[in-house]
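Enquirer: Next up, start23.pdb (PDB, C-alpha atoms).
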```pdb
MODEL        1
ATOM      1  CA  MET A 748      32.196  47.433   1.814
ATOM      2  CA  LYS A 749      28.514  48.393   1.959
ATOM      3  CA  LEU A 750      27.911  46.326  -1.170
ATOM      4  CA  ASP A 751      29.533  43.264   0.472
ATOM      5  CA  TYR A 752      27.275  43.665   3.502
ATOM      6  CA  LEU A 753      24.182  43.999   1.288
ATOM      7  CA  PHE A 754      25.193  40.957  -0.734
ATOM      8  CA  THR A 755      25.749  38.919   2.477
ATOM      9  CA  LEU A 756      22.359  39.992   3.802
ATOM     10  CA  ILE A 757      20.665  38.954   0.549
ATOM     11  CA  ILE A 758      22.385  35.545   0.595
ATOM     12  CA  TYR A 759      21.441  35.050   4.257
ATOM     13  CA  ASN A 760      17.760  35.820   3.546
ATOM     14  CA  LEU A 761      17.738  33.611   0.466
ATOM     15  CA  LYS A 762      19.062  30.738   2.580
ATOM     16  CA  LYS A 763      16.255  31.293   5.097
ATOM     17  CA  ILE A 764      13.691  31.294   2.295
ATOM     18  CA  LEU A 765      15.216  28.118   0.887
ATOM     19  CA  ILE A 766      15.041  26.418   4.304
ATOM     20  CA  VAL A 767      11.361  27.364   4.650
ATOM     21  CA  PHE A 768      10.702  26.126   1.094
ATOM     22  CA  GLU A 769      12.483  22.799   1.784
ATOM     23  CA  LEU A 770      10.535  22.385   5.020
ATOM     24  CA  HIS A 771       7.272  22.975   3.140
ATOM     25  CA  LYS A 772       8.313  20.386   0.520
ATOM     26  CA  TYR A 773       9.129  17.910   3.297
ATOM     27  CA  ILE A 774       5.746  18.412   4.970
ATOM     28  CA  SER A 775       3.967  17.992   1.618
ATOM     29  CA  PHE A 776       6.000  14.847   0.938
ATOM     30  CA  ARG A 777       5.073  13.413   4.363
ATOM     31  CA  GLU A 778       1.384  14.075   3.662
ATOM     32  CA  GLU A 779       1.642  12.366   0.278
ATOM     33  CA  MET A 780       3.374   9.372   1.864
ATOM     34  CA  ARG A 781       0.186   8.506   3.732
ATOM     35  CA  PHE A 782      -0.423   5.799   1.178
ATOM     36  CA  VAL A 783      -1.804   3.037   3.349
ATOM     37  CA  LYS A 784      -4.811   2.871   5.605
ATOM     38  CA  SER A 785      -4.069   2.712   9.313
ATOM     39  CA  ILE A 786      -5.123  -0.355  11.260
ATOM     40  CA  SER A 787      -7.759   1.712  13.054
ATOM     41  CA  GLU A 788      -9.173   2.927   9.705
ATOM     42  CA  ILE A 789      -9.409  -0.668   8.474
ATOM     43  CA  GLU A 790     -11.004  -1.814  11.739
ATOM     44  CA  GLU A 791     -13.572   0.982  11.374
ATOM     45  CA  ILE A 792     -14.374  -0.182   7.836
ATOM     46  CA  ILE A 793     -14.692  -3.791   8.997
ATOM     47  CA  ARG A 794     -17.191  -2.740  11.693
ATOM     48  CA  LYS A 795     -19.347  -1.278   8.909
ATOM     49  CA  LEU A 796     -19.507  -4.606   7.038
ATOM     50  CA  ASP A 797     -22.654  -5.639   8.876
ATOM     51  CA  HIS A 798     -24.578  -3.207   6.666
ATOM     52  CA  HIS A 799     -22.250  -2.837   3.664
ATOM     53  CA  ILE A 800     -20.159  -5.032   1.409
ATOM     54  CA  ALA A 801     -16.365  -4.657   1.453
ATOM     55  CA  ASP A 802     -16.421  -3.620  -2.201
ATOM     56  CA  ASP A 803     -18.183  -0.397  -1.118
ATOM     57  CA  PHE A 804     -14.955   0.661   0.630
ATOM     58  CA  GLU A 805     -12.457  -0.418  -2.009
ATOM     59  CA  ALA A 806     -10.560   2.483  -3.532
ATOM     60  CA  GLN A 807      -7.290   3.465  -5.176
ATOM     61  CA  ASP A 808      -5.437   2.659  -1.943
ATOM     62  CA  LEU A 809      -7.524  -0.212  -0.510
ATOM     63  CA  ASP A 810      -8.659  -3.649  -1.651
ATOM     64  CA  PHE A 811     -10.174  -6.706   0.043
ATOM     65  CA  LYS A 812      -9.396 -10.252  -1.074
ATOM     66  CA  GLN A 813     -10.795 -13.607  -0.078
ATOM     67  CA  TRP A 814      -8.214 -16.300   0.735
ATOM     68  CA  ASN A 815      -8.420 -19.413  -1.443
ATOM     69  CA  THR A 816      -8.270 -22.263   1.066
ATOM     70  CA  ARG A 817      -7.686 -24.876  -1.658
ATOM     71  CA  CYS A 818      -4.558 -23.394  -3.259
ATOM     72  CA  ARG A 819      -1.913 -21.528  -1.257
ATOM     73  CA  GLU A 820       0.192 -20.848  -4.322
ATOM     74  CA  GLU A 821      -2.713 -19.007  -5.951
ATOM     75  CA  ASN A 822      -2.817 -16.703  -2.907
ATOM     76  CA  VAL A 823       0.933 -16.039  -3.092
ATOM     77  CA  GLN A 824       0.637 -15.228  -6.797
ATOM     78  CA  LYS A 825      -2.270 -12.880  -5.997
ATOM     79  CA  MET A 826      -0.111 -11.124  -3.380
ATOM     80  CA  ILE A 827       2.740 -10.709  -5.874
ATOM     81  CA  ARG A 828       0.356  -9.234  -8.465
ATOM     82  CA  TYR A 829      -1.259  -6.862  -5.954
ATOM     83  CA  THR A 830       2.124  -5.747  -4.623
ATOM     84  CA  VAL A 831       3.143  -4.693  -8.144
ATOM     85  CA  CYS A 832      -0.286  -3.168  -8.770
ATOM     86  CA  MET A 833      -0.298  -1.050  -5.618
ATOM     87  CA  ALA A 834       3.357   0.025  -5.961
ATOM     88  CA  ASN A 835       2.742   1.223  -9.529
ATOM     89  CA  GLY A 836      -0.534   2.882  -8.491
ATOM     90  CA  GLY A 837       0.764   5.023  -5.642
ATOM     91  CA  GLY A 838       0.775   2.516  -2.792
ATOM     92  CA  GLY A 839      -1.992   1.049  -0.698
ATOM     93  CA  SER A 840      -3.261  -1.786   1.463
ATOM     94  CA  VAL A 841      -4.822  -5.135   0.604
ATOM     95  CA  VAL A 842      -6.763  -6.956   3.324
ATOM     96  CA  PHE A 843      -6.682 -10.740   2.867
ATOM     97  CA  GLY A 844      -9.312 -12.983   4.415
ATOM     98  CA  VAL A 845     -12.387 -10.877   3.611
ATOM     99  CA  ALA A 846     -15.144 -11.744   1.150
ATOM    100  CA  ASP A 847     -15.715  -8.485  -0.732
ATOM    101  CA  ASN A 848     -19.231  -8.969  -2.153
ATOM    102  CA  ILE A 849     -21.082 -10.329   0.882
ATOM    103  CA  GLN A 850     -22.881  -8.371   3.586
ATOM    104  CA  GLY A 851     -22.928  -9.255   7.283
ATOM    105  CA  ILE A 852     -19.766  -9.366   9.353
ATOM    106  CA  ASP A 853     -20.218 -13.053  10.272
ATOM    107  CA  ASN A 854     -20.293 -13.956   6.575
ATOM    108  CA  VAL A 855     -17.560 -11.560   5.445
ATOM    109  CA  LEU A 856     -14.683 -12.359   7.808
ATOM    110  CA  LEU A 857     -13.403 -15.686   6.486
ATOM    111  CA  GLY A 858      -9.787 -15.282   7.555
ATOM    112  CA  ILE A 859      -6.578 -16.914   6.429
ATOM    113  CA  PRO A 860      -4.804 -19.986   7.871
ATOM    114  CA  PHE A 861      -2.799 -19.403  11.048
ATOM    115  CA  ASP A 862       0.232 -21.250   9.668
ATOM    116  CA  ILE A 863       0.814 -18.713   6.885
ATOM    117  CA  ASP A 864       4.250 -17.241   7.593
ATOM    118  CA  ILE A 865       4.548 -13.485   6.952
ATOM    119  CA  HIS A 866       8.328 -13.620   6.485
ATOM    120  CA  GLU A 867       7.970 -16.359   3.874
ATOM    121  CA  LEU A 868       5.364 -14.252   2.039
ATOM    122  CA  GLN A 869       7.706 -11.240   2.073
ATOM    123  CA  LYS A 870      10.546 -13.396   0.733
ATOM    124  CA  ARG A 871       8.424 -14.837  -2.079
ATOM    125  CA  ILE A 872       7.135 -11.393  -3.065
ATOM    126  CA  ALA A 873      10.651  -9.896  -3.048
ATOM    127  CA  GLU A 874      11.981 -12.785  -5.167
ATOM    128  CA  ASN A 875       9.192 -12.400  -7.733
ATOM    129  CA  THR A 876       9.129  -8.623  -8.286
ATOM    130  CA  VAL A 877      11.463  -6.426 -10.339
ATOM    131  CA  PRO A 878      12.857  -4.309  -8.811
ATOM    132  CA  SER A 879      12.395  -6.260  -5.602
ATOM    133  CA  LEU A 880       9.465  -5.136  -3.416
ATOM    134  CA  THR A 881       8.898  -6.117   0.203
ATOM    135  CA  PRO A 882       5.506  -5.126   1.584
ATOM    136  CA  THR A 883       4.858  -4.938   5.294
ATOM    137  CA  PHE A 884       2.102  -6.931   6.946
ATOM    138  CA  ASP A 885      -0.216  -6.328   9.868
ATOM    139  CA  GLU A 886      -2.503  -8.901  11.436
ATOM    140  CA  LEU A 887      -6.008  -8.450  12.776
ATOM    141  CA  PHE A 888      -7.819 -11.062  14.834
ATOM    142  CA  TYR A 889     -11.568 -11.492  15.302
ATOM    143  CA  LYS A 890     -13.972 -13.795  17.133
ATOM    144  CA  ASN A 891     -11.674 -14.546  20.093
ATOM    145  CA  HIS A 892      -8.645 -14.959  17.828
ATOM    146  CA  SER A 893     -10.339 -17.638  15.729
ATOM    147  CA  ILE A 894     -10.176 -15.510  12.556
ATOM    148  CA  ARG A 895      -6.929 -14.011  11.280
ATOM    149  CA  LEU A 896      -6.820 -11.278   8.627
ATOM    150  CA  LEU A 897      -3.631 -10.108   6.942
ATOM    151  CA  ILE A 898      -3.171  -6.513   5.826
ATOM    152  CA  MET A 899      -0.508  -6.152   3.154
ATOM    153  CA  ASN A 900       0.860  -2.585   2.994
ATOM    154  CA  VAL A 901       2.665  -1.531  -0.169
ATOM    155  CA  SER A 902       4.713   1.646  -0.495
ATOM    156  CA  PRO A 903       4.381   3.709  -3.655
ATOM    157  CA  GLY A 904       6.981   2.785  -6.211
ATOM    158  CA  ILE A 905       9.648   4.873  -7.824
ATOM    159  CA  GLY A 906       9.645   3.874 -11.457
ATOM    160  CA  THR A 907       7.777   0.878 -12.825
ATOM    161  CA  TYR A 908       7.543  -2.508 -11.136
ATOM    162  CA  THR A 909       6.838  -5.882 -12.736
ATOM    163  CA  THR A 910       6.635  -9.507 -11.772
ATOM    164  CA  THR A 911       9.677 -11.597 -12.737
ATOM    165  CA  ASP A 912       7.817 -12.762 -15.844
ATOM    166  CA  GLY A 913       7.565  -9.122 -16.997
ATOM    167  CA  THR A 914       3.914  -8.506 -16.133
ATOM    168  CA  ALA A 915       3.129  -4.972 -15.007
ATOM    169  CA  VAL A 916      -0.196  -3.882 -13.563
ATOM    170  CA  ILE A 917      -1.260  -0.595 -12.037
ATOM    171  CA  ARG A 918      -3.997   0.320  -9.577
ATOM    172  CA  THR A 919      -6.622   2.469 -11.246
ATOM    173  CA  GLY A 920      -9.600   3.154  -9.010
ATOM    174  CA  LYS A 921     -10.725  -0.240  -7.700
ATOM    175  CA  GLU A 922      -8.927  -2.312 -10.326
ATOM    176  CA  CYS A 923      -5.486  -3.591 -11.253
ATOM    177  CA  LEU A 924      -5.124  -2.950 -14.967
ATOM    178  CA  PRO A 925      -2.365  -3.851 -17.441
ATOM    179  CA  TYR A 926       0.420  -1.275 -17.394
ATOM    180  CA  LYS A 927       2.167  -0.740 -20.719
ATOM    181  CA  ILE A 928       5.858  -0.082 -20.282
ATOM    182  CA  ILE A 929       7.298   2.146 -22.976
ATOM    183  CA  LYS A 930      10.940   1.347 -23.544
ATOM    184  CA  GLU A 931      13.312   4.203 -24.337
ATOM    185  CA  ASP A 932      14.614   2.533 -27.501
ATOM    186  CA  GLU A 933      11.119   2.262 -29.049
TER     187      GLU A 933
ENDMDL
END
```
Mind turning this structure into C-alpha coordinates?

Expert:
Amino acid sequence: MKLDYLFTLIIYNLKKILIVFELHKYISFREEMRFVKSISEIEEIIRKLDHHIADDFEAQDLDFKQWNTRCREENVQKMIRYTVCMANGGGGSVVFGVADNIQGIDNVLLGIPFDIDIHELQKRIAENTVPSLTPTFDELFYKNHSIRLLIMNVSPGIGTYTTTDGTAVIRTGKECLPYKIIKEDE
(Lines of atoms letter the chains of each structure in order from A and count residues from 1; the text may use other names and numbers.)
(Lines give C-alpha, C1' and ligand atoms only; values in the text may rest on other atoms or scores of the structure.)
Protein backbone atom coordinates (compact mmCIF):
# COMPACT_ATOMS: atom_id res chain seq x y z
CA MET A 1 0.00 0.00 0.00
CA LYS A 2 2.83 2.40 0.86
CA LEU A 3 4.50 1.51 -2.43
CA ASP A 4 1.30 2.36 -4.36
CA TYR A 5 1.14 5.75 -2.63
CA LEU A 6 4.81 6.44 -3.41
CA PHE A 7 4.33 5.41 -7.03
CA THR A 8 1.25 7.69 -7.34
CA LEU A 9 3.17 10.59 -5.83
CA ILE A 10 6.04 10.07 -8.28
CA ILE A 11 3.64 9.96 -11.25
CA TYR A 12 1.86 13.09 -10.01
CA ASN A 13 5.16 15.01 -9.71
CA LEU A 14 6.35 13.78 -13.10
CA LYS A 15 3.12 15.09 -14.64
CA LYS A 16 3.72 18.49 -13.03
CA ILE A 17 7.27 18.54 -14.37
CA LEU A 18 6.00 17.58 -17.81
CA ILE A 19 3.42 20.40 -17.73
CA VAL A 20 6.12 22.92 -16.79
CA PHE A 21 8.38 21.54 -19.55
CA GLU A 22 5.56 21.77 -22.15
CA LEU A 23 4.78 25.32 -21.05
CA HIS A 24 8.45 26.26 -21.45
CA LYS A 25 8.47 24.69 -24.94
CA TYR A 26 5.33 26.65 -25.83
CA ILE A 27 6.84 29.94 -24.67
CA SER A 28 10.04 29.23 -26.62
CA PHE A 29 7.97 28.35 -29.69
CA ARG A 30 6.00 31.62 -29.39
CA GLU A 31 9.26 33.59 -29.18
CA GLU A 32 10.61 31.81 -32.26
CA MET A 33 7.38 32.53 -34.15
CA ARG A 34 8.17 36.25 -34.10
CA PHE A 35 9.28 35.93 -37.70
CA VAL A 36 7.96 39.15 -39.16
CA LYS A 37 8.62 42.76 -38.31
CA SER A 38 5.73 44.62 -36.71
CA ILE A 39 4.22 47.56 -38.54
CA SER A 40 5.67 49.90 -35.92
CA GLU A 41 9.16 48.41 -36.42
CA ILE A 42 8.88 48.94 -40.18
CA GLU A 43 7.58 52.50 -39.71
CA GLU A 44 10.56 53.20 -37.44
CA ILE A 45 12.94 51.91 -40.13
CA ILE A 46 11.22 54.01 -42.79
CA ARG A 47 11.65 57.15 -40.65
CA LYS A 48 15.40 56.46 -40.68
CA LEU A 49 15.55 56.45 -44.50
CA ASP A 50 16.28 60.16 -44.61
CA HIS A 51 19.84 59.37 -43.52
CA HIS A 52 20.19 55.71 -44.54
CA ILE A 53 19.38 53.50 -47.50
CA ALA A 54 16.80 50.72 -47.09
CA ASP A 55 19.47 48.13 -47.86
CA ASP A 56 21.13 49.04 -44.53
CA PHE A 57 18.12 47.51 -42.74
CA GLU A 58 17.64 44.42 -44.87
CA ALA A 59 18.23 41.20 -42.98
CA GLN A 60 17.28 37.53 -42.82
CA ASP A 61 13.69 38.51 -42.01
CA LEU A 62 13.30 41.80 -43.92
CA ASP A 63 13.64 42.98 -47.51
CA PHE A 64 12.62 46.09 -49.46
CA LYS A 65 11.56 45.96 -53.10
CA GLN A 66 10.79 48.64 -55.63
CA TRP A 67 7.55 48.18 -57.60
CA ASN A 68 8.00 47.94 -61.37
CA THR A 69 5.36 50.32 -62.73
CA ARG A 70 5.76 49.02 -66.30
CA CYS A 71 5.06 45.32 -65.68
CA ARG A 72 2.58 44.11 -63.05
CA GLU A 73 3.23 40.48 -63.84
CA GLU A 74 6.92 40.93 -63.01
CA ASN A 75 5.88 42.19 -59.56
CA VAL A 76 3.58 39.20 -59.00
CA GLN A 77 6.37 36.82 -60.00
CA LYS A 78 8.71 38.64 -57.60
CA MET A 79 6.16 38.20 -54.79
CA ILE A 80 5.84 34.48 -55.54
CA ARG A 81 9.64 34.07 -55.47
CA TYR A 82 10.02 36.04 -52.23
CA THR A 83 7.18 34.13 -50.57
CA VAL A 84 9.01 30.85 -51.26
CA CYS A 85 12.34 32.41 -50.25
CA MET A 86 11.10 33.73 -46.91
CA ALA A 87 9.10 30.58 -46.06
CA ASN A 88 12.16 28.39 -46.67
CA GLY A 89 14.39 30.84 -44.77
CA GLY A 90 12.42 31.04 -41.53
CA GLY A 91 9.79 33.62 -42.43
CA GLY A 92 9.94 37.36 -42.80
CA SER A 93 8.53 40.52 -44.33
CA VAL A 94 9.03 42.15 -47.72
CA VAL A 95 8.09 45.82 -48.10
CA PHE A 96 7.03 46.67 -51.66
CA GLY A 97 7.16 50.22 -52.97
CA VAL A 98 10.54 51.23 -51.53
CA ALA A 99 13.73 51.91 -53.48
CA ASP A 100 16.40 50.09 -51.48
CA ASN A 101 19.61 51.85 -52.62
CA ILE A 102 18.56 55.50 -52.45
CA GLN A 103 18.81 57.86 -49.49
CA GLY A 104 16.24 60.50 -48.56
CA ILE A 105 12.68 59.60 -47.65
CA ASP A 106 11.18 61.67 -50.49
CA ASN A 107 13.23 59.68 -53.01
CA VAL A 108 12.82 56.27 -51.37
CA LEU A 109 9.05 55.97 -50.93
CA LEU A 110 7.84 55.29 -54.47
CA GLY A 111 4.76 53.27 -53.56
CA ILE A 112 2.64 50.80 -55.48
CA PRO A 113 -0.55 51.42 -57.50
CA PHE A 114 -3.74 51.82 -55.48
CA ASP A 115 -5.64 49.39 -57.70
CA ILE A 116 -3.46 46.42 -56.74
CA ASP A 117 -5.83 43.96 -55.05
CA ILE A 118 -4.36 42.15 -52.02
CA HIS A 119 -6.78 39.22 -52.29
CA GLU A 120 -5.83 38.70 -55.94
CA LEU A 121 -2.14 38.73 -54.96
CA GLN A 122 -2.79 36.13 -52.24
CA LYS A 123 -4.69 33.96 -54.73
CA ARG A 124 -1.93 34.15 -57.34
CA ILE A 125 0.76 33.35 -54.77
CA ALA A 126 -1.22 30.39 -53.38
CA GLU A 127 -1.82 29.03 -56.90
CA ASN A 128 1.88 29.27 -57.79
CA THR A 129 3.55 27.77 -54.71
CA VAL A 130 3.92 24.12 -53.68
CA PRO A 131 2.71 23.42 -51.07
CA SER A 132 0.37 26.39 -51.32
CA LEU A 133 1.46 29.49 -49.35
CA THR A 134 -0.73 32.48 -48.55
CA PRO A 135 1.14 35.44 -47.09
CA THR A 136 -0.65 38.18 -45.21
CA PHE A 137 -0.41 41.81 -46.25
CA ASP A 138 -0.39 45.10 -44.40
CA GLU A 139 -0.63 48.53 -45.99
CA LEU A 140 1.16 51.71 -45.02
CA PHE A 141 0.27 55.12 -46.41
CA TYR A 142 2.47 58.21 -46.64
CA LYS A 143 2.25 61.80 -47.87
CA ASN A 144 -1.47 62.27 -47.12
CA HIS A 145 -2.33 58.83 -48.49
CA SER A 146 -0.74 59.55 -51.86
CA ILE A 147 1.84 56.77 -51.45
CA ARG A 148 0.85 53.18 -50.66
CA LEU A 149 3.36 50.57 -49.47
CA LEU A 150 2.56 46.88 -49.16
CA ILE A 151 4.14 44.71 -46.49
CA MET A 152 4.05 41.02 -47.37
CA ASN A 153 4.40 38.82 -44.26
CA VAL A 154 5.45 35.21 -44.76
CA SER A 155 5.29 32.55 -42.07
CA PRO A 156 8.19 30.14 -41.71
CA GLY A 157 7.64 26.98 -43.67
CA ILE A 158 7.47 23.41 -42.53
CA GLY A 159 9.40 21.44 -45.10
CA THR A 160 10.55 22.85 -48.42
CA TYR A 161 8.51 25.16 -50.64
CA THR A 162 8.86 25.72 -54.38
CA THR A 163 7.18 27.62 -57.15
CA THR A 164 4.92 25.52 -59.40
CA ASP A 165 7.78 25.25 -61.90
CA GLY A 166 9.91 23.55 -59.22
CA THR A 167 12.15 26.48 -58.33
CA ALA A 168 13.20 26.63 -54.69
CA VAL A 169 15.02 29.55 -53.11
CA ILE A 170 15.93 30.22 -49.50
CA ARG A 171 16.64 33.42 -47.60
CA THR A 172 20.26 33.55 -46.51
CA GLY A 173 21.20 36.85 -44.91
CA LYS A 174 20.02 39.55 -47.33
CA GLU A 175 19.69 37.28 -50.35
CA CYS A 176 17.41 34.66 -51.86
CA LEU A 177 19.68 31.86 -53.01
CA PRO A 178 18.97 28.64 -54.91
CA TYR A 179 17.85 25.87 -52.56
CA LYS A 180 18.87 22.37 -53.60
CA ILE A 181 16.22 19.82 -52.76
CA ILE A 182 17.64 16.40 -52.01
CA LYS A 183 15.15 13.71 -52.93
CA GLU A 184 14.94 10.62 -50.73
CA ASP A 185 15.43 8.24 -53.65
CA GLU A 186 18.77 9.82 -54.67

Enquirer: Assuming the chain letters and numbering stay as they are in my file, what does the PyMOL selection byres ((chain A and resi 910) around 7) actually select? List them as a tab-separated table (two decimals) with C-alpha atoms, in the coordinates of the input.

Expert:
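Dumped to selection_9.tsv:
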```tsv
chain	number	residue	atom	x	y	z
A	831	VAL	CA	3.14	-4.69	-8.14
A	875	ASN	CA	9.19	-12.40	-7.73
A	876	THR	CA	9.13	-8.62	-8.29
A	877	VAL	CA	11.46	-6.43	-10.34
A	909	THR	CA	6.84	-5.88	-12.74
A	911	THR	CA	9.68	-11.60	-12.74
A	912	ASP	CA	7.82	-12.76	-15.84
A	913	GLY	CA	7.56	-9.12	-17.00
A	914	THR	CA	3.91	-8.51	-16.13
A	915	ALA	CA	3.13	-4.97	-15.01
```

Enquirer: Counting only C-alpha atoms, which residue out of A:Gly858, A:Gly920, A:Gly851, A:Gly844 sits closest to Asp808 of chain A?

Expert: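 Selected residue with least distance to Asp808 of chain A: A:Gly920.
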
Enquirer: Can you pull out every residue within 12 Å of Asp803 of chain A, counting all atoms listed in the file, but drop anything in the same chain fewer than 2 positions away, and send it as a ChimeraX atom specification?

Expert: /A:792-793,795-796,798-801,805-806,809-811,846-850,921

Enquirer: Find the residues near Gly904 of chain A: any atom within 8 Å, counting all atoms listed in the file, skip ones fewer than 3 places away on the same chain, and give them as a PyMOL selection string.

Expert: chain A and resi 834-838+907-908

Enquirer: Evaluate the PyMOL selection byres ((chain A and resi 859) around 12) on the structure here and hand back the selected residues as a PyMOL selection string.

Expert: chain A and resi 812-819+822+842-846+856-858+860-865+886-889+892-898

Enquirer: With all atoms listed in the file as the basis for distance, which of A:Ile905, A:Met833, A:Ile917, A:Cys923 is at the shortest distance from Phe782 of chain A?

Expert: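 Answer, going by the shortest atom-to-atom distance: A:Met833.
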
Enquirer: Using all atoms listed in the file for the distances, tell me which of A:Gly839, A:Gln807, A:Ser787, A:Val901 is nearest to Gln869 of chain A.

Expert: A:Val901

Enquirer: Between atom CA of Glu821 of chain A and atom CA of Ser840 of chain A, what distance in Å does the model show, to one decimal?

Expert: 18.8 Å

Enquirer: Could you state which residues are captured by the PyMOL selection byres ((chain A and resi 826) around 10) in this file, as a list in words?

Expert: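 This file, filtered by the PyMOL selection byres ((chain A and resi 826) around 10), leaves Lys812, Glu820, Glu821, Asn822, Val823, Gln824, Lys825, Ile827, Arg828, Tyr829, Thr830, Val831, Cys832, Val841, Phe843, Leu868, Gln869, Arg871, Ile872, Pro882 and Met899 of chain A.
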
Enquirer: In Å, how far is it from atom CA of Val855 of chain A to atom CA of Asp797 of chain A?

Expert: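 Spanning atom CA of Val855 of chain A to atom CA of Asp797 of chain A is a straight-line distance of 8.5 Å.
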
Enquirer: Between atom CA of Asp885 of chain A and atom CA of Glu867 of chain A, what is the spacing in Å?

Expert: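 Atom CA of Glu867 of chain A sits 14.3 Å away from atom CA of Asp885 of chain A.
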
Enquirer: Where's the centre, and what are the edge lengths in Å to one decimal, of a box along x, y and z enclosing all listed atoms of segment 778-797 of chain A padded 6 Å per side, as lines of an AutoDock Vina configuration file?

Expert:
```
center_x = -9.6
center_y = 4.2
center_z = 6.7
size_x = 38.0
size_y = 31.7
size_z = 24.8
```

Enquirer: Take segment 802-827 of chain A, bring it up to N, CA, C and O atoms, and give me the output as a short mmCIF file (atom, residue, chain, number, x, y, z; two decimals), keeping the file's coordinate frame.

Expert:
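Output contents, as saved in out13.cif:
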```
data_model
loop_
_atom_site.label_atom_id
_atom_site.label_comp_id
_atom_site.auth_asym_id
_atom_site.auth_seq_id
_atom_site.Cartn_x
_atom_site.Cartn_y
_atom_site.Cartn_z
N ASP A 802 -16.64 -4.31 -0.93
CA ASP A 802 -16.42 -3.62 -2.20
C ASP A 802 -16.81 -2.14 -2.13
O ASP A 802 -16.24 -1.32 -2.84
N ASP A 803 -17.77 -1.80 -1.27
CA ASP A 803 -18.18 -0.40 -1.12
C ASP A 803 -17.03 0.48 -0.64
O ASP A 803 -17.03 1.69 -0.87
N PHE A 804 -16.05 -0.11 0.05
CA PHE A 804 -14.96 0.66 0.63
C PHE A 804 -13.65 0.54 -0.15
O PHE A 804 -12.66 1.18 0.18
N GLU A 805 -13.66 -0.30 -1.19
CA GLU A 805 -12.46 -0.42 -2.01
C GLU A 805 -12.21 0.88 -2.75
O GLU A 805 -13.16 1.57 -3.15
N ALA A 806 -10.94 1.21 -2.91
CA ALA A 806 -10.56 2.48 -3.53
C ALA A 806 -9.17 2.34 -4.14
O ALA A 806 -8.59 1.25 -4.15
N GLN A 807 -8.63 3.44 -4.60
CA GLN A 807 -7.29 3.46 -5.18
C GLN A 807 -6.26 2.86 -4.21
O GLN A 807 -5.35 2.16 -4.64
N ASP A 808 -6.44 3.09 -2.92
CA ASP A 808 -5.44 2.66 -1.94
C ASP A 808 -5.91 1.53 -1.03
O ASP A 808 -5.27 1.24 -0.02
N LEU A 809 -7.01 0.86 -1.37
CA LEU A 809 -7.52 -0.21 -0.51
C LEU A 809 -8.26 -1.26 -1.32
O LEU A 809 -9.09 -0.93 -2.17
N ASP A 810 -7.95 -2.54 -1.02
CA ASP A 810 -8.66 -3.65 -1.65
C ASP A 810 -8.87 -4.75 -0.61
O ASP A 810 -8.12 -4.83 0.36
N PHE A 811 -9.89 -5.56 -0.81
CA PHE A 811 -10.17 -6.71 0.04
C PHE A 811 -10.13 -7.95 -0.83
O PHE A 811 -10.68 -7.96 -1.92
N LYS A 812 -9.50 -9.01 -0.32
CA LYS A 812 -9.40 -10.25 -1.07
C LYS A 812 -9.72 -11.44 -0.19
O LYS A 812 -9.28 -11.53 0.95
N GLN A 813 -10.48 -12.36 -0.76
CA GLN A 813 -10.80 -13.61 -0.08
C GLN A 813 -9.61 -14.55 -0.24
O GLN A 813 -8.97 -14.57 -1.29
N TRP A 814 -9.30 -15.33 0.77
CA TRP A 814 -8.21 -16.30 0.74
C TRP A 814 -8.74 -17.60 0.16
O TRP A 814 -9.77 -18.12 0.59
N ASN A 815 -8.04 -18.14 -0.83
CA ASN A 815 -8.42 -19.41 -1.44
C ASN A 815 -7.86 -20.53 -0.57
O ASN A 815 -6.64 -20.76 -0.56
N THR A 816 -8.72 -21.23 0.14
CA THR A 816 -8.27 -22.26 1.07
C THR A 816 -7.79 -23.53 0.37
O THR A 816 -7.14 -24.37 0.98
N ARG A 817 -8.08 -23.67 -0.92
CA ARG A 817 -7.69 -24.88 -1.66
C ARG A 817 -6.32 -24.77 -2.32
O ARG A 817 -5.74 -25.78 -2.68
N CYS A 818 -5.81 -23.53 -2.51
CA CYS A 818 -4.56 -23.39 -3.26
C CYS A 818 -3.72 -22.24 -2.71
O CYS A 818 -3.93 -21.08 -3.08
N ARG A 819 -2.77 -22.57 -1.85
CA ARG A 819 -1.91 -21.53 -1.26
C ARG A 819 -1.12 -20.78 -2.31
O ARG A 819 -0.94 -19.57 -2.20
N GLU A 820 -0.64 -21.49 -3.30
CA GLU A 820 0.19 -20.85 -4.32
C GLU A 820 -0.59 -19.77 -5.08
O GLU A 820 -0.05 -18.74 -5.43
N GLU A 821 -1.87 -20.02 -5.31
CA GLU A 821 -2.71 -19.01 -5.95
C GLU A 821 -2.75 -17.73 -5.12
O GLU A 821 -2.71 -16.62 -5.65
N ASN A 822 -2.81 -17.87 -3.80
CA ASN A 822 -2.82 -16.70 -2.91
C ASN A 822 -1.49 -15.95 -2.97
O ASN A 822 -1.48 -14.72 -2.99
N VAL A 823 -0.38 -16.68 -3.01
CA VAL A 823 0.93 -16.04 -3.09
C VAL A 823 1.04 -15.28 -4.41
O VAL A 823 1.50 -14.13 -4.44
N GLN A 824 0.60 -15.89 -5.49
CA GLN A 824 0.64 -15.23 -6.80
C GLN A 824 -0.24 -13.97 -6.80
O GLN A 824 0.11 -12.95 -7.39
N LYS A 825 -1.38 -14.04 -6.12
CA LYS A 825 -2.27 -12.88 -6.00
C LYS A 825 -1.56 -11.76 -5.22
O LYS A 825 -1.64 -10.59 -5.59
N MET A 826 -0.85 -12.13 -4.17
CA MET A 826 -0.11 -11.12 -3.38
C MET A 826 0.99 -10.47 -4.21
O MET A 826 1.20 -9.26 -4.12
N ILE A 827 1.68 -11.25 -5.00
CA ILE A 827 2.74 -10.71 -5.87
C ILE A 827 2.12 -9.72 -6.85
O ILE A 827 2.62 -8.60 -7.02
#
```
